[in-house]
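Comments concern the structure below.
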Amino acid sequence: MVKEKVPSNTQRGTVFVPERLKFFDRTKDFAVLATDDNGQPYASLITYAFTPDFRKVIFATPRNTRKYKNILSAGYVALLIDNRSNTQKDIMDTEAITVTGTVKPVRKGTARRELASIYLKKHPELKDFVKASSTVLVVLEIIQCVHVGKFQTVSVWDCHNP
Ligand SMILES: Cc1cc2nc3c(=O)[nH]c(=O)nc-3n(C[C@H](O)[C@H](O)[C@H](O)COP(=O)(O)O)c2cc1C
């Protein structure tokens, strides 16, 4: 049962969003990536890791996916990370963060090795996937993060203007 009253309107929150990014990175492996598929939204489940400064998100994808084609053509994405467990208790307790930013494939070299190592530290089971010649490592440079908690309490963090 939900004990608190569920709000009908949004409220501005004061959550320190980078702290919540840290929590999600520590506890959640998956996120929903939204891409622009020729003007139509397209959503995909992905496995992600933040860089230690929480300015970037790293993920990997096979070159022949629809999401990768969309990344190359649009250059902007949104990523939804959340801690829902699909119970009624979730309504007031769940938090979600929408991360928006630019994306690009990472070329082979030192930067790629560093990013791959951060990603694989969190997801060691994906070593073969990341090393496959068909896989591209992608980096999302964060522009904004929008956090929601208590159903409608919204806190915004502008990455370049914190
Ligand atoms: C738990 C889970 C994690 C996934 N992680 C990734 C991922 O990190 N990268 C990826 O490209 N696809 C991942 N996928 C598969 C994608 O969601 C997608 O179905 C597949 O890559 C096809 O992509 P497309 O629809 O863009 O063509 C994952 C699927 C599941 C079920």
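By convention in this document, the chains of the structure tokens carry letters A, B, ... by their order, each chain's residues are numbered from 1, and ligands are numbered from 1 in the order they are shown.
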Contact check, chain A to ligand 1, at most 9 Å, counting only C-alpha atoms and all ligand atoms, closest pairs as CSV:
```
residue,atom,partner,partner_atom_place_in_ligand_line,distance
A:Asp29,CA,ligand 1,3 (C),8.4
A:Phe30,CA,ligand 1,3 (C),6.4
A:Ala31,CA,ligand 1,3 (C),8.3
A:Val32,CA,ligand 1,17 (O),8.2
A:Leu33,CA,ligand 1,17 (O),8.7
A:Tyr42,CA,ligand 1,25 (O),8.1
A:Ala43,CA,ligand 1,25 (O),7.7
A:Ser44,CA,ligand 1,17 (O),4.6
A:Leu45,CA,ligand 1,17 (O),3.9
A:Ile46,CA,ligand 1,5 (N),3.5
A:Thr47,CA,ligand 1,8 (O),3.7
A:Tyr48,CA,ligand 1,8 (O),6.4
A:Phe59,CA,ligand 1,8 (O),5.8
A:Ala60,CA,ligand 1,9 (N),5.1
A:Thr61,CA,ligand 1,11 (O),3.3
A:Pro62,CA,ligand 1,11 (O),5.5
A:Arg63,CA,ligand 1,11 (O),8.3
A:Asn64,CA,ligand 1,27 (O),6.9
A:Thr65,CA,ligand 1,27 (O),3.5
A:Arg66,CA,ligand 1,26 (O),3.7
A:Lys67,CA,ligand 1,26 (O),3.7
A:Tyr68,CA,ligand 1,26 (O),6.4
A:Lys69,CA,ligand 1,26 (O),8.0
A:Asn70,CA,ligand 1,26 (O),8.3
A:Leu126,CA,ligand 1,8 (O),8.6
A:Thr135,CA,ligand 1,11 (O),8.2
A:Val136,CA,ligand 1,11 (O),8.8
```
| said: Ranking A:Tyr76, A:Phe129, A:Tyr119, A:Phe50 by minimum distance to Gly101 (chain A) and counting only C-alpha atoms, which one comes first? | reply: A:Tyr76
| Long-range neighbours of Lys89 (chain A) as a list in words, 12 Å cut-off, only C-alpha atoms, 2 positions minimum in chain |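 What passes the distance filter is Met1, Val2, Lys3, Glu4, Val6, Asn83, Arg84, Ser85, Asn86, Thr87, Ile91, Met92, Asp93, Thr94, Glu95, Lys150 and Phe151 of chain A.
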| query | From the list A:Pro7, A:Pro18, A:Gly75, A:Gly149, which residue is nearest Asp90 (chain A) when using only C-alpha atoms? | reply |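 Distance minimum relative to Asp90 (chain A) lands on A:Gly149.
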| Within 6 Å of region 8-15 of chain A using only C-alpha atoms, minus same-chain residues under 2 positions, as a list in words | Val17, Gln152, Thr153, Val154 and Ser155 of chain A
| task | Using CA of Lys122 (chain A) and CA of Ile58 (chain A) as the two end points, give the distance in Å to one decimal. | result |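 Separation between CA of Lys122 (chain A) and CA of Ile58 (chain A): 10.8 Å.
Between Pro52 (chain A) and the candidates A:Gln40, A:Thr35, A:Thr110, A:Ser117, the tightest atom-to-atom separation, counting only C-alpha atoms, involves A:Ser117.
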| query | Just how far from CA of Ala49 (chain A) is CA of Leu72 (chain A), in Å to one decimal? | reply |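 If I compute the distance from CA of Leu72 (chain A) to CA of Ala49 (chain A), I get 20.2 Å.
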Extract, using only C-alpha atoms, all DNA, RNA and protein residues at most 9 Å from Val106 (chain A), discarding same-chain residues fewer than 5 positions from it, and format them as a CSV table (one decimal) with N, CA and C atoms, in the first residue's frame.
```csv
chain,number,residue,atom,x,y,z
A,111,ALA,N,42.6,6.6,-25.6
A,111,ALA,CA,41.3,7.0,-25.0
A,111,ALA,C,40.4,5.8,-25.0
A,112,ARG,N,40.4,5.0,-26.1
A,112,ARG,CA,39.5,3.9,-26.1
A,112,ARG,C,39.9,2.8,-25.1
A,115,LEU,N,38.7,4.0,-21.7
A,115,LEU,CA,37.2,3.9,-21.6
A,115,LEU,C,36.8,2.5,-21.5
A,136,VAL,N,31.5,-1.6,-31.4
A,136,VAL,CA,31.9,-0.2,-31.3
A,136,VAL,C,31.7,0.2,-29.9
A,137,LEU,N,32.8,0.9,-29.3
A,137,LEU,CA,32.6,1.5,-28.0
A,137,LEU,C,32.1,2.9,-28.3
A,138,VAL,N,31.1,3.3,-27.5
A,138,VAL,CA,30.4,4.6,-27.7
A,138,VAL,C,30.5,5.4,-26.5
A,139,VAL,N,30.8,6.7,-26.6
A,139,VAL,CA,30.8,7.6,-25.5
A,139,VAL,C,29.7,8.7,-25.6
```
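The coordinates place CA of Ile71 (chain A) at 14.8 Å from CA of Arg107 (chain A).
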